[in-house]
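S.K.: Below are the structure tokens for one structure; questions will follow.
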Amino acid sequence: MSLLLRRRFFWEEIDLMSLLDILLLVAALLASGLFVLGRGSFAGWLATVVYGLMLAVLAIAGLALDSGVAFIPSAMSFEILGRNLGWRLDGLGWFFALLTVGAAFFASWYGSGEWGRKQKRMGLQHALLALNVLAMLLLLSSGDLLSLFIGWELVSWAAFAIMTQGGGPAVAAAYRYMIYALAGAMAVFAAIMLVQNVTGGLGFADLQTAISAMSTAQVWVLFILFAAGFGVKMALMPFHLWQAPAYSETPGASSAFLNAVSARMGLFALILVLVKLTGLEALGSLAIPFTFMSAKSALMWVAAITMVVPTFIALMQTDARMLLTWHGIGQGGYMLLGVLVGTSLGTAGGLMHVFNYATYQAALFLAVTAVIHRAGTSDLDELGGLITRMPWTYVTLLMGIIGLAGLPPMNGFVSKWMIYKSLLDGGQPLLLIMAFAATLGTILSVYKLIHNIFLGQLRREHQHLKEAPVSMVLPMLILAGIGFVTGFMPGLALNITDIAQRAIGGDMLPHHLGGVTLATGSLNMLWVVGVLIGAIGAGALIFYLLGNRRYEVHQFDNYAGGHFLSADIRYHFSHEFYPGLARVIGPWYRGSIVRAEQGIGILVNVAGDLWQAVFRVAYTPLYMLLVVVLGLVFTGSWGIVP
Amino acid sequence: MSDKLPVIEDQPEICRSVDAGERSVWTRVMNRFADHCRARSLFVLHYCTGCGAIELPPTITSRFDMERVGVSPMVTPRQADILLITGYLSIKTLKRVILSYEQMQSPKYVIGFGSCTINGGMYWNSYATVKRLDQYIPADLFIAGCMPRPEAVQQVLLKLMEDIDAGKANGWQDYYNNYDRYLGNQQALFGESWHTPTDVIAEAKHYGYLADGTMGRHTDLLLKRADYALDRVPEDYPERGKNERRLP
């Protein structure tokens, strides 16, 4: 491929555009084109093809980055207040850009067929999806703190626009998201201004010089502002409340896109600013007074709590989409934890989890959307037995939940194993236990998901249902297939994370096609999956060689303590699925964070009302009195009146 | 009871044609081996009707401990081998017993516990209880007495194990071979609309026990009510539910 790159392409002959320029230009043209042409039935397919082309451009860029190029520059730059503002794509941004465009490709494909035709304004959704991709690419290729902030704001507003498409409760959820996102953006802006104040510059290098020049208290302020600001997007606890409703209410295909990559923009910024620029050693040396903890370990514990609590809240959800989005919050914790461990294994594990999560979460969301498309609901209390009606959707969901739960043979197992292993090797047994606890919650809740939708009693109103159309089944099966292939051969995904890891710096993780070989223990998925499939295959062989004496019975030919079953008897146990666990973790709902959010909301409301009262209501005598009193105080305290 | 209903009578065994598989030495040896293994791992579904259940805990637990000979309780009929019915059966209960029996996977064995399952026992003149269990489902063994002690349960389980080992506990085959007779007796008791969700005829075909007595005038009644056949008209499920509740 390096040969290809040395051969100059025709656009390089005119020496105007780099690969990044092409990418941004195509994204911008696509977004604006879709706003004009979006209504056409071909628009979705056109967008899908363009995303496919963008993936090809990214692949070429990836080969260039893999061969040692530090970053791909952009010709686009501005000068603001005497400072240069530029964009360039390095390995880290490339990794996230690949996931972004990949997710958009599948979401757009899914939305182009029958599902899209049923939507009210699919053209607008296609255009907003393209706008999101453009905004994310701008963020991921930012070359300094100011372009980072601009990208950050664009991503927030683009996500807000796509979230509102659901209408009704979606608008309220999107509004809540926007308040959080703006607060986060203000924190980030404050941090950037702090850097600008100290160094007078806005480049990435200025941040590094600022940290070495600042006092400890200032570094702490900078750290908290960045962590909180970027953490909002990632839904780190306690800034996580917005995410589940906002992502759930977004229409299916767009929601799969948002779930797969949108929250990961926060992770990208955290890795960029805290890990790449500040450095984990600097964070580790930032001790919390009177404790044995540092800024790094505190953030690790935040990640661990983000991992555990939302996972168990997901367990209690009665809506399939809410269940998955709460897991999205929890899975973010794993990624951040892996990256913060800082060893080559941990970083690779965390980054690979980003990739894996994008594949299975998008597949899961598309599968749930297919269920909504056919059955009309995602309420886990009102479904059941759909396996006989929607077998391929079931297969997708099954593969997805195996990945989400982190079990072989899917890719989620590999990245989780790497994160566990890095915690174990890094001497963090308590965090390891937290990770295990979160995985336990994940396994329990994904069983609830698949049981309540696909297993058990098929309802009378779902008797006539058919499998989702090919335009919906194919993209989600391919996503699940990617999850399986990168689980069977994790080396493929690790090749991609290598590029990002090289950009972050630090040691590289040596790996092969089947996994990693370490001094303290190795993982070879070729063997694991081989043995697993071999054992299942041997069982199947025996079963079929003995004559396949399977005998199917009707679902009402079922034992219920001697009771005769019929369609008007609900024997599918789905409501209040884990009553014992619910008693234990129920109080988490009524938890302090929800109350704190409500408290802040009330406070802002009251302050706003007071302010409005002062502005809108004319109490002339009161104002007169106020002015006179203040005047007297002023003159009295300054000794003007003898 | 009205004279329209089928008369209960002990018909002689209907001769059936023996298929080639039964004559083959290989099949016989394999069946013999399977029976030998089966007799050593038995799961019992206790259908306790309100009498005699108290004798079973000592049978299972430490004093008599049936598990030492390979017999242990099971909670569902699908995984059970033995249906142990204790005490008298009211007509309403018999429906549930038949449902549970038909849901068990073949080979399956039935033990009637107590005099009530043999001849009605002390309820011999009750209008609402069943006098002879083996008219409705094939019982392999009975335990006489009111009520039998755990030793008797133990003895009968050991006897059943012997019978299974010797290939003599074939009541379940009789149910497939003469389903029409059993169904006739059931219909005499419950009415012509009686049916369970289990398709016994299809099952008899599946296991290879379709005989001359499997289908007849009683199973024809079942076919006339094919609108209840669950796979064909799903819209009629609630109808079936109401029907079920209307019956005594």
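Residues in the structure tokens are numbered from 1 in each chain, the chains being A, B, ... in the order shown, and ligands are numbered from 1 in the order shown.
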Could you give me, as a ChimeraX atom specification, the residues within 8 Å of Leu89 in chain B, counting only C-alpha atoms and dropping anything in the same chain fewer than 3 positions from it?

M.R.: /B:49,92-94,116-117,129-130

S.K.: Return the neighbours of chain B among the residues of chain A, cut-off 7 Å, counting only C-alpha atoms, as a PyMOL selection string.

M.R.: chain A and resi 556-557+559+562-563+566-568

S.K.: Do you have the CA of Thr359 in chain A-CA of Asp21 in chain A distance handy?

M.R.: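 These atoms are spaced 26.9 Å apart.
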
S.K.: Can you tell me, as a compact mmCIF listing (two decimals) with N, CA and C atoms, in the first residue's frame, what residues are no more than 7 Å from range 77-87 of chain A when counting only C-alpha atoms, ignoring any on the same chain fewer than 3 positions away?

M.R.:
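Saved the output as around.txt:
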# COMPACT_ATOMS: atom_id res chain seq x y z
N PRO A 73 -2.63 15.97 7.42
CA PRO A 73 -3.00 17.37 7.60
C PRO A 73 -4.20 17.76 6.74
N SER A 74 -4.76 18.90 7.08
CA SER A 74 -5.84 19.44 6.26
C SER A 74 -5.40 20.80 5.75
N SER A 141 -10.68 15.38 14.02
CA SER A 141 -9.47 15.82 13.34
C SER A 141 -9.01 17.19 13.84
N SER A 142 -9.46 17.58 15.03
CA SER A 142 -9.09 18.91 15.51
C SER A 142 -7.59 18.95 15.80
N GLY A 143 -6.97 20.09 15.46
CA GLY A 143 -5.53 20.21 15.58
C GLY A 143 -5.10 21.08 16.74
N ASP A 144 -6.05 21.72 17.42
CA ASP A 144 -5.70 22.52 18.59
C ASP A 144 -6.91 22.62 19.50
N LEU A 146 -8.82 25.10 20.32
CA LEU A 146 -9.98 25.86 19.85
C LEU A 146 -10.79 25.06 18.83
N SER A 147 -10.08 24.39 17.90
CA SER A 147 -10.85 23.58 16.94
C SER A 147 -11.49 22.40 17.64

S.K.: What is the distance, in Å and to one decimal place, between CA of Trp157 in chain A and CA of Ala170 in chain A?

M.R.: 14.8 Å

S.K.: Fewer than 3 positions away in the same chain doesn't count, so skip those; otherwise give me all residues within 10 Å of Ile402 in chain A, counting only C-alpha atoms, as a PDB file with N, CA and C atoms, in the first residue's frame.

M.R.:
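As written to disk, part_33.pdb reads:
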ATOM      1  N   TYR A 360     -21.466  -4.453  18.523  1.00  0.00           N
ATOM      2  CA  TYR A 360     -22.620  -5.184  19.068  1.00  0.00           C
ATOM      3  C   TYR A 360     -23.730  -4.256  19.521  1.00  0.00           C
ATOM      4  N   THR A 396     -29.363 -12.187  15.602  1.00  0.00           N
ATOM      5  CA  THR A 396     -28.599 -10.952  15.794  1.00  0.00           C
ATOM      6  C   THR A 396     -28.570 -10.564  17.264  1.00  0.00           C
ATOM      7  N   LEU A 397     -29.734 -10.588  17.886  1.00  0.00           N
ATOM      8  CA  LEU A 397     -29.805 -10.169  19.282  1.00  0.00           C
ATOM      9  C   LEU A 397     -28.995 -11.120  20.157  1.00  0.00           C
ATOM     10  N   LEU A 398     -29.060 -12.409  19.848  1.00  0.00           N
ATOM     11  CA  LEU A 398     -28.305 -13.385  20.638  1.00  0.00           C
ATOM     12  C   LEU A 398     -26.813 -13.113  20.533  1.00  0.00           C
ATOM     13  N   MET A 399     -26.327 -12.904  19.295  1.00  0.00           N
ATOM     14  CA  MET A 399     -24.897 -12.640  19.122  1.00  0.00           C
ATOM     15  C   MET A 399     -24.526 -11.330  19.813  1.00  0.00           C
ATOM     16  N   ALA A 405     -22.382  -9.156  27.035  1.00  0.00           N
ATOM     17  CA  ALA A 405     -22.094  -9.800  28.312  1.00  0.00           C
ATOM     18  C   ALA A 405     -20.626 -10.185  28.424  1.00  0.00           C
ATOM     19  N   GLY A 406     -19.894 -10.120  27.320  1.00  0.00           N
ATOM     20  CA  GLY A 406     -18.469 -10.451  27.365  1.00  0.00           C
ATOM     21  C   GLY A 406     -18.210 -11.930  27.498  1.00  0.00           C
ATOM     22  N   LEU A 407     -18.874 -12.728  26.666  1.00  0.00           N
ATOM     23  CA  LEU A 407     -18.660 -14.175  26.700  1.00  0.00           C
ATOM     24  C   LEU A 407     -18.113 -14.613  25.343  1.00  0.00           C
ATOM     25  N   PRO A 408     -17.301 -15.662  25.328  1.00  0.00           N
ATOM     26  CA  PRO A 408     -16.870 -16.174  24.032  1.00  0.00           C
ATOM     27  C   PRO A 408     -18.055 -16.757  23.285  1.00  0.00           C
ATOM     28  N   PRO A 409     -18.089 -16.775  21.988  1.00  0.00           N
ATOM     29  CA  PRO A 409     -16.990 -16.489  21.061  1.00  0.00           C
ATOM     30  C   PRO A 409     -17.013 -15.067  20.519  1.00  0.00           C
ATOM     31  N   MET A 410     -17.807 -14.148  21.107  1.00  0.00           N
ATOM     32  CA  MET A 410     -17.918 -12.821  20.514  1.00  0.00           C
ATOM     33  C   MET A 410     -16.769 -11.931  20.969  1.00  0.00           C
ATOM     34  N   ASN A 411     -16.615 -10.789  20.250  1.00  0.00           N
ATOM     35  CA  ASN A 411     -15.448  -9.936  20.479  1.00  0.00           C
ATOM     36  C   ASN A 411     -15.459  -9.266  21.850  1.00  0.00           C
ATOM     37  N   GLY A 412     -16.663  -9.074  22.437  1.00  0.00           N
ATOM     38  CA  GLY A 412     -16.730  -8.433  23.749  1.00  0.00           C
ATOM     39  C   GLY A 412     -15.915  -9.185  24.786  1.00  0.00           C
ATOM     40  N   PHE A 413     -15.819 -10.477  24.632  1.00  0.00           N
ATOM     41  CA  PHE A 413     -15.052 -11.281  25.580  1.00  0.00           C
ATOM     42  C   PHE A 413     -13.580 -10.892  25.558  1.00  0.00           C
ATOM     43  N   THR A 442     -24.554  -7.385  33.753  1.00  0.00           N
ATOM     44  CA  THR A 442     -24.805  -7.398  32.308  1.00  0.00           C
ATOM     45  C   THR A 442     -25.398  -8.736  31.888  1.00  0.00           C
ATOM     46  N   ILE A 443     -24.820  -9.819  32.388  1.00  0.00           N
ATOM     47  CA  ILE A 443     -25.300 -11.148  31.982  1.00  0.00           C
ATOM     48  C   ILE A 443     -26.751 -11.318  32.409  1.00  0.00           C
ATOM     49  N   VAL A 446     -29.063  -9.013  30.145  1.00  0.00           N
ATOM     50  CA  VAL A 446     -29.238  -9.377  28.743  1.00  0.00           C
ATOM     51  C   VAL A 446     -30.055 -10.660  28.637  1.00  0.00           C
ATOM     52  N   TYR A 447     -30.001 -11.494  29.669  1.00  0.00           N
ATOM     53  CA  TYR A 447     -30.889 -12.656  29.648  1.00  0.00           C
ATOM     54  C   TYR A 447     -32.345 -12.193  29.707  1.00  0.00           C
ATOM     55  N   GLY A 483     -18.760  -8.728  14.735  1.00  0.00           N
ATOM     56  CA  GLY A 483     -18.502  -9.048  16.149  1.00  0.00           C
ATOM     57  C   GLY A 483     -17.969 -10.450  16.321  1.00  0.00           C
ATOM     58  N   PHE A 484     -18.498 -11.388  15.549  1.00  0.00           N
ATOM     59  CA  PHE A 484     -18.021 -12.766  15.680  1.00  0.00           C
ATOM     60  C   PHE A 484     -16.625 -12.921  15.100  1.00  0.00           C
TER      61      PHE A 484
END

S.K.: Between CA of Gly491 in chain A and CA of Gly62 in chain A, what is the distance, to one decimal in Å?

M.R.: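 Here the two named atoms are 15.8 Å from each other.
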
S.K.: Env of Asn495 in chain A: 12 Å cut, atoms = only C-alpha atoms, seq-sep filter 4 positions within chain, self excluded. Answer as a PyMOL selection string.

M.R.: chain A and resi 62-63+65-66+91+95+348+351-352+355+486+489-491+499-502+508-516

S.K.: Generate the output file for the selected residues, N, CA and C atoms, as a compact mmCIF listing (two decimals), in the first residue's frame.

M.R.:
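So the final result, stored in out-v5.txt, reads:
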# COMPACT_ATOMS: atom_id res chain seq x y z
N GLY A 62 -5.75 4.98 6.91
CA GLY A 62 -5.26 4.07 7.94
C GLY A 62 -3.96 3.40 7.53
N LEU A 63 -3.88 3.02 6.26
CA LEU A 63 -2.64 2.40 5.79
C LEU A 63 -1.49 3.39 5.87
N LEU A 65 -1.28 5.92 8.00
CA LEU A 65 -0.95 6.12 9.41
C LEU A 65 -0.19 4.91 9.95
N ASP A 66 -0.58 3.72 9.45
CA ASP A 66 0.06 2.50 9.92
C ASP A 66 1.51 2.43 9.46
N GLY A 91 -3.73 9.14 14.47
CA GLY A 91 -4.19 7.76 14.59
C GLY A 91 -5.39 7.62 15.50
N PHE A 95 -9.09 6.29 14.35
CA PHE A 95 -9.77 5.12 14.91
C PHE A 95 -11.24 5.43 15.18
N ALA A 348 -4.92 -1.08 24.97
CA ALA A 348 -5.43 -1.82 23.82
C ALA A 348 -6.80 -2.41 24.13
N LEU A 351 -9.43 0.44 24.07
CA LEU A 351 -9.71 0.88 22.70
C LEU A 351 -10.44 -0.20 21.93
N MET A 352 -10.05 -1.47 22.16
CA MET A 352 -10.74 -2.54 21.45
C MET A 352 -12.18 -2.63 21.92
N PHE A 355 -14.30 -0.37 19.91
CA PHE A 355 -14.62 -0.98 18.62
C PHE A 355 -15.70 -2.05 18.79
N THR A 486 -14.27 -10.68 14.64
CA THR A 486 -13.22 -10.06 15.46
C THR A 486 -13.13 -10.72 16.83
N MET A 489 -11.00 -13.85 15.56
CA MET A 489 -9.65 -13.40 15.20
C MET A 489 -9.45 -11.98 15.70
N PRO A 490 -9.24 -11.80 17.01
CA PRO A 490 -9.13 -10.45 17.56
C PRO A 490 -7.96 -9.67 17.01
N GLY A 491 -7.00 -10.37 16.40
CA GLY A 491 -5.87 -9.67 15.81
C GLY A 491 -6.30 -8.64 14.78
N ILE A 499 -3.14 1.45 15.63
CA ILE A 499 -2.92 2.77 15.03
C ILE A 499 -3.25 3.86 16.05
N ALA A 500 -4.35 3.65 16.77
CA ALA A 500 -4.73 4.63 17.79
C ALA A 500 -3.73 4.62 18.95
N GLN A 501 -3.32 3.41 19.31
CA GLN A 501 -2.41 3.30 20.45
C GLN A 501 -1.06 3.96 20.15
N ARG A 502 -0.62 3.84 18.90
CA ARG A 502 0.64 4.47 18.53
C ARG A 502 0.52 5.99 18.65
N MET A 508 3.60 -0.51 22.86
CA MET A 508 2.63 -1.19 21.99
C MET A 508 2.41 -2.61 22.52
N LEU A 509 1.23 -3.13 22.22
CA LEU A 509 0.90 -4.49 22.66
C LEU A 509 1.22 -5.47 21.55
N PRO A 510 2.18 -6.38 21.78
CA PRO A 510 2.42 -7.38 20.75
C PRO A 510 1.25 -8.37 20.67
N HIS A 511 0.79 -8.65 19.49
CA HIS A 511 -0.36 -9.55 19.37
C HIS A 511 -0.26 -10.34 18.09
N HIS A 512 -1.06 -11.39 18.00
CA HIS A 512 -1.15 -12.17 16.77
C HIS A 512 -2.61 -12.29 16.40
N LEU A 513 -2.89 -13.05 15.36
CA LEU A 513 -4.26 -13.11 14.85
C LEU A 513 -5.24 -13.61 15.91
N GLY A 514 -4.80 -14.55 16.73
CA GLY A 514 -5.72 -15.17 17.68
C GLY A 514 -5.83 -14.44 19.00
N GLY A 515 -4.98 -13.48 19.28
CA GLY A 515 -5.05 -12.79 20.57
C GLY A 515 -3.69 -12.29 21.00
N VAL A 516 -3.40 -12.40 22.29
CA VAL A 516 -2.15 -11.87 22.82
C VAL A 516 -1.39 -12.96 23.56

S.K.: Using only C-alpha atoms, which residues sit within 10 Å of range 53-58 of chain B once same-chain residues fewer than 2 positions away are excluded, as a ChimeraX atom specification?

M.R.: /B:46-51,60-66,73,84-87,113,147-154

S.K.: Can you write out the residues you just picked, keeping C-alpha atoms, as a PDB file, in the first residue's frame?

M.R.:
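The resulting file, again_19.pdb, is shown below:
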ATOM      1  CA  HIS B  46     -45.697 -36.993  42.530  1.00  0.00           C
ATOM      2  CA  TYR B  47     -49.297 -36.201  41.721  1.00  0.00           C
ATOM      3  CA  CYS B  48     -50.659 -35.847  45.226  1.00  0.00           C
ATOM      4  CA  THR B  49     -54.404 -35.344  45.280  1.00  0.00           C
ATOM      5  CA  GLY B  50     -54.926 -34.514  48.924  1.00  0.00           C
ATOM      6  CA  CYS B  51     -54.411 -37.967  50.350  1.00  0.00           C
ATOM      7  CA  ILE B  60     -37.492 -39.854  49.758  1.00  0.00           C
ATOM      8  CA  THR B  61     -35.667 -38.550  52.810  1.00  0.00           C
ATOM      9  CA  SER B  62     -33.131 -40.129  55.113  1.00  0.00           C
ATOM     10  CA  ARG B  63     -35.167 -42.897  56.753  1.00  0.00           C
ATOM     11  CA  PHE B  64     -35.977 -44.845  53.598  1.00  0.00           C
ATOM     12  CA  ASP B  65     -33.978 -42.766  51.133  1.00  0.00           C
ATOM     13  CA  MET B  66     -35.088 -43.823  47.681  1.00  0.00           C
ATOM     14  CA  PRO B  73     -38.325 -36.542  42.722  1.00  0.00           C
ATOM     15  CA  LEU B  84     -47.044 -41.489  41.084  1.00  0.00           C
ATOM     16  CA  ILE B  85     -50.696 -40.716  41.791  1.00  0.00           C
ATOM     17  CA  THR B  86     -51.660 -40.793  45.424  1.00  0.00           C
ATOM     18  CA  GLY B  87     -55.213 -41.251  46.608  1.00  0.00           C
ATOM     19  CA  PHE B 113     -51.002 -45.373  45.220  1.00  0.00           C
ATOM     20  CA  MET B 147     -52.974 -45.939  53.153  1.00  0.00           C
ATOM     21  CA  PRO B 148     -49.777 -47.761  52.185  1.00  0.00           C
ATOM     22  CA  ARG B 149     -46.667 -47.136  54.243  1.00  0.00           C
ATOM     23  CA  PRO B 150     -43.349 -45.942  52.808  1.00  0.00           C
ATOM     24  CA  GLU B 151     -42.066 -49.513  52.827  1.00  0.00           C
ATOM     25  CA  ALA B 152     -44.813 -50.356  50.352  1.00  0.00           C
ATOM     26  CA  VAL B 153     -43.859 -47.420  48.133  1.00  0.00           C
ATOM     27  CA  GLN B 154     -40.298 -48.608  48.297  1.00  0.00           C
TER      28      GLN B 154
END

S.K.: Excluding Leu55 in chain A and residues on its chain fewer than 3 positions from it, collect all residues at most 9 Å away from it, counting only C-alpha atoms, and give them as a list of chain:residue names.

M.R.: A:Val50, A:Tyr51, A:Gly52, A:Leu58, A:Ala59, A:Ile60, A:Leu98, A:Val101, A:Gly102, A:Phe105

S.K.: Would you write out those residues with C-alpha atoms, as a CSV table (one decimal), in the first residue's frame?

M.R.:
chain,number,residue,atom,x,y,z
A,50,VAL,CA,-21.0,7.7,0.0
A,51,TYR,CA,-20.3,6.4,3.6
A,52,GLY,CA,-18.9,3.3,1.9
A,58,LEU,CA,-10.4,6.1,5.7
A,59,ALA,CA,-8.9,2.7,5.0
A,60,ILE,CA,-6.3,4.4,2.7
A,98,LEU,CA,-13.6,4.8,11.3
A,101,VAL,CA,-18.4,6.4,9.4
A,102,GLY,CA,-18.9,2.6,9.8
A,105,PHE,CA,-22.9,3.3,6.9

S.K.: Would you mind writing down, as a ChimeraX atom specification, each residue of range 196-371 of chain A that DSSP on the backbone assigns to alpha helix (DSSP H)?

M.R.: /A:196-199,204-213,216-234,243-249,252-257,264-270,280-284,295-315,320-341,344-371

S.K.: With only C-alpha atoms as the atoms that count, which of B:Asn185, B:Ala166, B:Asp220, B:Ser115 lies nearest to Ile143 in chain B?

M.R.: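 With only C-alpha atoms as the atom set, the closest residue is B:Ser115.
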
S.K.: Between A:Gln218, A:Gln361, A:Ser297, A:Gln165, which one has atoms that come closest to Leu337 in chain A, using only C-alpha atoms?

M.R.: A:Ser297

S.K.: Could you pull out the strand (DSSP E or B) residues of range 43-172 of chain B, going by DSSP on the backbone, and write them as a VMD selection string?

M.R.: chain B and resid 43 to 48 71 to 73 82 to 86 90 109 to 113 129 141 to 143

S.K.: Export, as a compact mmCIF listing (two decimals), in the first residue's frame, the selected residues with N, CA and C atoms.

M.R.:
# COMPACT_ATOMS: atom_id res chain seq x y z
N PHE B 43 -36.94 -40.67 37.63
CA PHE B 43 -37.42 -39.45 38.27
C PHE B 43 -38.93 -39.55 38.43
N VAL B 44 -39.39 -39.23 39.61
CA VAL B 44 -40.81 -39.41 39.91
C VAL B 44 -41.50 -38.06 39.98
N LEU B 45 -42.62 -37.94 39.28
CA LEU B 45 -43.50 -36.79 39.47
C LEU B 45 -44.60 -37.23 40.40
N HIS B 46 -44.67 -36.61 41.56
CA HIS B 46 -45.70 -36.99 42.53
C HIS B 46 -46.95 -36.20 42.23
N TYR B 47 -48.03 -36.91 41.87
CA TYR B 47 -49.30 -36.20 41.72
C TYR B 47 -50.11 -36.50 42.97
N CYS B 48 -50.05 -35.60 43.93
CA CYS B 48 -50.66 -35.85 45.23
C CYS B 48 -52.00 -35.13 45.26
N VAL B 71 -33.80 -43.40 42.55
CA VAL B 71 -35.11 -42.79 42.31
C VAL B 71 -35.12 -41.45 43.01
N SER B 72 -35.49 -40.38 42.28
CA SER B 72 -35.51 -39.08 42.94
C SER B 72 -36.66 -38.25 42.38
N PRO B 73 -37.16 -37.31 43.17
CA PRO B 73 -38.33 -36.54 42.72
C PRO B 73 -37.99 -35.56 41.61
N ILE B 82 -41.72 -41.43 36.06
CA ILE B 82 -42.81 -42.10 36.76
C ILE B 82 -43.83 -41.07 37.19
N LEU B 83 -45.11 -41.37 36.97
CA LEU B 83 -46.18 -40.53 37.52
C LEU B 83 -46.77 -41.31 38.68
N LEU B 84 -46.56 -40.81 39.88
CA LEU B 84 -47.04 -41.49 41.08
C LEU B 84 -48.29 -40.74 41.56
N ILE B 85 -49.45 -41.39 41.45
CA ILE B 85 -50.70 -40.72 41.79
C ILE B 85 -51.18 -41.25 43.13
N THR B 86 -51.27 -40.34 44.10
CA THR B 86 -51.66 -40.79 45.42
C THR B 86 -53.13 -40.48 45.65
N SER B 90 -60.79 -37.00 41.87
CA SER B 90 -62.08 -36.46 41.45
C SER B 90 -62.03 -36.30 39.93
N TYR B 109 -44.06 -44.28 33.09
CA TYR B 109 -44.68 -45.33 33.90
C TYR B 109 -45.61 -44.68 34.91
N VAL B 110 -46.70 -45.40 35.24
CA VAL B 110 -47.68 -44.86 36.20
C VAL B 110 -47.82 -45.82 37.36
N ILE B 111 -47.80 -45.28 38.57
CA ILE B 111 -48.05 -46.08 39.77
C ILE B 111 -49.27 -45.50 40.46
N GLY B 112 -50.24 -46.31 40.72
CA GLY B 112 -51.41 -45.89 41.49
C GLY B 112 -51.18 -46.21 42.96
N PHE B 113 -51.34 -45.23 43.80
CA PHE B 113 -51.00 -45.37 45.22
C PHE B 113 -52.30 -45.38 46.02
N THR B 129 -65.96 -39.06 42.06
CA THR B 129 -64.59 -39.59 42.00
C THR B 129 -64.51 -40.74 41.01
N LEU B 141 -48.37 -50.30 37.90
CA LEU B 141 -48.43 -51.00 39.18
C LEU B 141 -49.36 -50.24 40.12
N PHE B 142 -49.97 -50.97 41.05
CA PHE B 142 -50.79 -50.34 42.09
C PHE B 142 -50.23 -50.71 43.46
N ILE B 143 -50.47 -49.86 44.42
CA ILE B 143 -50.16 -50.21 45.81
C ILE B 143 -51.50 -50.24 46.53
